[in-house]
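Just below is one structure, and these are the notes that go with it.
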Amino acid sequence: MPPRSRTMLLAAALGHLVLVVTGGLDICLWETGPLGKVLTYYSALTGADTGYGFFAPRVASPPTAAFTLVDVDGRATVDSLPPGITREADIRVEDLVEVFDHRRSDDRVRARLAASWAAILFARHPQAASVTVDMGFRRTPSMAAQRRGATPRWRSVYRARVVRPARAHGGAP
């Protein structure tokens, strides 16, 4: 291998290693300009942005979505998105849930996802008048805190109520 090619390969490997370290330290390069955006995309595509939280003393639970449906009489029903037909479909749903928690997601994207999920639940529950979408995760206390009596708590990252739209002919929901 020519020395120039070897040097370029070594530089690429070192650059990737630097991005792995920034991912481990949870440093976001997005706001540093156009190069930061390119490096952020590269890190996401290669997995270099992974926080490696599974090595941390406090491993967080994955974000989840909970749905509370309320009918016109005020009766509440809790539902969830069912597992998909394939593991790949489940991964896609998990990725969509993580969009709510991501620091660069905006509220318009979150509102559209919430409305989409609410539409699925309205189809499944025709009697429902509204759906409350609650995306969050369980905060698990450390082992020392659990020994002192602390219990896991729910932390909402996004919460919205979606009301069933009126039918096109102007009838009741």
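Residue numbering restarts at 1 for every chain of the structure tokens, chains are lettered A, B, ... in their displayed order, and ligands are numbered from 1 as they appear.
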| said: Residues within 10 Å of segment 12-16 of chain A, please, as number ranges by chain. Count only C-alpha atoms; anything in the same chain fewer than 4 positions from it doesn't count. | reply: A: 6-8, 20-22, 39, 42-43, 46, 48
| request: Excluding Pro63 of chain A and any residue of its chain fewer than 4 positions from it, enumerate the residues within 8 Å of it, using only C-alpha atoms, and give them as a VMD selection string. | output: chain A and resid 97 to 98 101 135 to 138
| field | DSSP helix (DSSP H, G or I) selection over segment 7-126 of chain A, as JSON, numbers by chain | value | {"A": [7, 8, 9, 10, 11, 12, 13, 14, 15, 16, 17, 18, 19, 20, 21, 22, 23, 24, 30, 31, 32, 34, 35, 36, 37, 38, 39, 40, 41, 42, 43, 44, 45, 46, 53, 54, 55, 87, 88, 89, 90, 91, 92, 93, 94, 95, 96, 97, 98, 99, 100, 101, 107, 108, 109, 110, 111, 112, 113, 114, 115, 116, 117, 118, 119, 120, 121, 122, 123, 124]}
| Between A:Gly51, A:Leu25, A:Tyr158, A:Leu10, which has the minimum distance to Asp106 of chain A (counting only C-alpha atoms)? | A:Tyr158
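Near Gly23 of chain A, within 10 Å and counting only C-alpha atoms, sit Leu17, Val18, Leu19, Val20, Asp26, Ile27, Cys28, Leu29, Thr40, Ser43, Ala44, Gly47, Ala48, Asp49, Thr50, Gly51 and Tyr52 of chain A, not including residues fewer than 3 positions from it in the same chain.
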| task | Extract the full set of strand (DSSP E) residues from segment 16-98 of chain A according to DSSP on the backbone, and format it as a ChimeraX atom specification. | result | /A:64-71,76-79
Please produce an output containing N, CA and C atoms for each residue in the selection, written as a PDB file, in the first residue's frame.
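Writing the result to out08.pdb gives the following:
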ATOM      1  N   THR A  64     -40.958   4.722  25.816  1.00  0.00           N
ATOM      2  CA  THR A  64     -42.150   3.985  25.402  1.00  0.00           C
ATOM      3  C   THR A  64     -43.312   4.962  25.222  1.00  0.00           C
ATOM      4  N   ALA A  65     -44.311   4.529  24.505  1.00  0.00           N
ATOM      5  CA  ALA A  65     -45.495   5.343  24.284  1.00  0.00           C
ATOM      6  C   ALA A  65     -46.689   4.668  24.947  1.00  0.00           C
ATOM      7  N   ALA A  66     -47.454   5.439  25.677  1.00  0.00           N
ATOM      8  CA  ALA A  66     -48.676   4.948  26.317  1.00  0.00           C
ATOM      9  C   ALA A  66     -49.846   5.766  25.774  1.00  0.00           C
ATOM     10  N   PHE A  67     -50.975   5.118  25.581  1.00  0.00           N
ATOM     11  CA  PHE A  67     -52.134   5.767  24.992  1.00  0.00           C
ATOM     12  C   PHE A  67     -53.342   5.556  25.890  1.00  0.00           C
ATOM     13  N   THR A  68     -53.984   6.648  26.274  1.00  0.00           N
ATOM     14  CA  THR A  68     -55.203   6.575  27.069  1.00  0.00           C
ATOM     15  C   THR A  68     -56.347   7.093  26.212  1.00  0.00           C
ATOM     16  N   LEU A  69     -57.318   6.223  25.970  1.00  0.00           N
ATOM     17  CA  LEU A  69     -58.483   6.584  25.163  1.00  0.00           C
ATOM     18  C   LEU A  69     -59.643   6.864  26.096  1.00  0.00           C
ATOM     19  N   VAL A  70     -60.398   7.905  25.790  1.00  0.00           N
ATOM     20  CA  VAL A  70     -61.562   8.267  26.595  1.00  0.00           C
ATOM     21  C   VAL A  70     -62.763   8.348  25.663  1.00  0.00           C
ATOM     22  N   ASP A  71     -63.862   7.674  26.051  1.00  0.00           N
ATOM     23  CA  ASP A  71     -65.070   7.732  25.216  1.00  0.00           C
ATOM     24  C   ASP A  71     -65.948   8.903  25.655  1.00  0.00           C
ATOM     25  N   ALA A  76     -62.220   5.536  30.517  1.00  0.00           N
ATOM     26  CA  ALA A  76     -60.850   5.518  29.993  1.00  0.00           C
ATOM     27  C   ALA A  76     -60.391   4.091  29.734  1.00  0.00           C
ATOM     28  N   THR A  77     -59.651   3.927  28.651  1.00  0.00           N
ATOM     29  CA  THR A  77     -59.052   2.651  28.282  1.00  0.00           C
ATOM     30  C   THR A  77     -57.598   2.912  27.929  1.00  0.00           C
ATOM     31  N   VAL A  78     -56.707   2.086  28.433  1.00  0.00           N
ATOM     32  CA  VAL A  78     -55.287   2.215  28.113  1.00  0.00           C
ATOM     33  C   VAL A  78     -54.954   1.198  27.033  1.00  0.00           C
ATOM     34  N   ASP A  79     -54.209   1.637  26.022  1.00  0.00           N
ATOM     35  CA  ASP A  79     -53.833   0.760  24.923  1.00  0.00           C
ATOM     36  C   ASP A  79     -52.386   1.043  24.552  1.00  0.00           C
TER      37      ASP A  79
END
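Those residues that approach Val109 of chain A to within 9 Å, counting only C-alpha atoms, are Val99, Phe100 and Ala114 of chain A; same-chain residues fewer than 5 positions away are not listed.
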For the selection you just gave me, I'd like the residues written to a file as an mmCIF file, in the first residue's frame, keeping C-alpha atoms.
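Contents of the output file selection-v1.cif:
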data_model
loop_
_atom_site.group_PDB
_atom_site.id
_atom_site.type_symbol
_atom_site.label_atom_id
_atom_site.label_comp_id
_atom_site.auth_asym_id
_atom_site.auth_seq_id
_atom_site.Cartn_x
_atom_site.Cartn_y
_atom_site.Cartn_z
ATOM 1 C CA VAL A 99 -37.886 10.594 17.755
ATOM 2 C CA PHE A 100 -39.962 12.107 20.562
ATOM 3 C CA ALA A 114 -49.033 11.665 17.778
#
With only C-alpha atoms as the counted atoms, please give the residues lying no more than 10 Å from Ala150 of chain A, apart from itself and same-chain residues fewer than 5 positions off, as a short mmCIF file (atom, residue, chain, number, x, y, z; two decimals) with all heavy atoms, in the first residue's frame.
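What ended up in around09.cif:
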data_model
loop_
_atom_site.label_atom_id
_atom_site.label_comp_id
_atom_site.auth_asym_id
_atom_site.auth_seq_id
_atom_site.Cartn_x
_atom_site.Cartn_y
_atom_site.Cartn_z
N THR A 140 -35.45 4.62 36.58
CA THR A 140 -35.13 3.61 37.56
C THR A 140 -34.07 4.18 38.51
O THR A 140 -33.02 4.63 38.06
CB THR A 140 -34.59 2.35 36.87
OG1 THR A 140 -35.55 1.91 35.91
CG2 THR A 140 -34.32 1.24 37.88
N PRO A 141 -34.34 4.15 39.80
CA PRO A 141 -33.35 4.68 40.75
C PRO A 141 -32.13 3.76 40.84
O PRO A 141 -32.19 2.59 40.45
CB PRO A 141 -34.11 4.73 42.07
CG PRO A 141 -35.23 3.77 41.92
CD PRO A 141 -35.55 3.70 40.46
N SER A 142 -31.05 4.30 41.33
CA SER A 142 -29.84 3.49 41.52
C SER A 142 -30.11 2.41 42.56
O SER A 142 -31.09 2.46 43.31
CB SER A 142 -28.69 4.38 41.98
OG SER A 142 -28.96 4.88 43.28
N MET A 143 -29.24 1.43 42.62
CA MET A 143 -29.41 0.34 43.59
C MET A 143 -29.41 0.88 45.02
O MET A 143 -30.20 0.44 45.86
CB MET A 143 -28.31 -0.71 43.41
CG MET A 143 -28.42 -1.47 42.09
SD MET A 143 -29.96 -2.36 41.92
CE MET A 143 -29.74 -3.66 43.10
N ALA A 144 -28.54 1.86 45.29
CA ALA A 144 -28.50 2.44 46.64
C ALA A 144 -29.81 3.14 46.97
O ALA A 144 -30.34 2.99 48.08
CB ALA A 144 -27.33 3.42 46.75
N ALA A 145 -30.37 3.87 46.01
CA ALA A 145 -31.65 4.55 46.24
C ALA A 145 -32.78 3.54 46.41
O ALA A 145 -33.69 3.75 47.21
CB ALA A 145 -31.94 5.51 45.09
#
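With atom CA of Pro165 of chain A on one side and atom CA of Ala119 of chain A on the other, the separation reads 9.7 Å.
Between atom CA of Asp95 of chain A and atom CA of Gly24 of chain A there is a distance of 19.7 Å.
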| task | Mind giving me the straight-line distance from atom CA of Arg161 of chain A to atom CA of Phe122 of chain A in Å, one decimal? | result |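 Interatomic distance, atom CA of Arg161 of chain A to atom CA of Phe122 of chain A: 12.7 Å.
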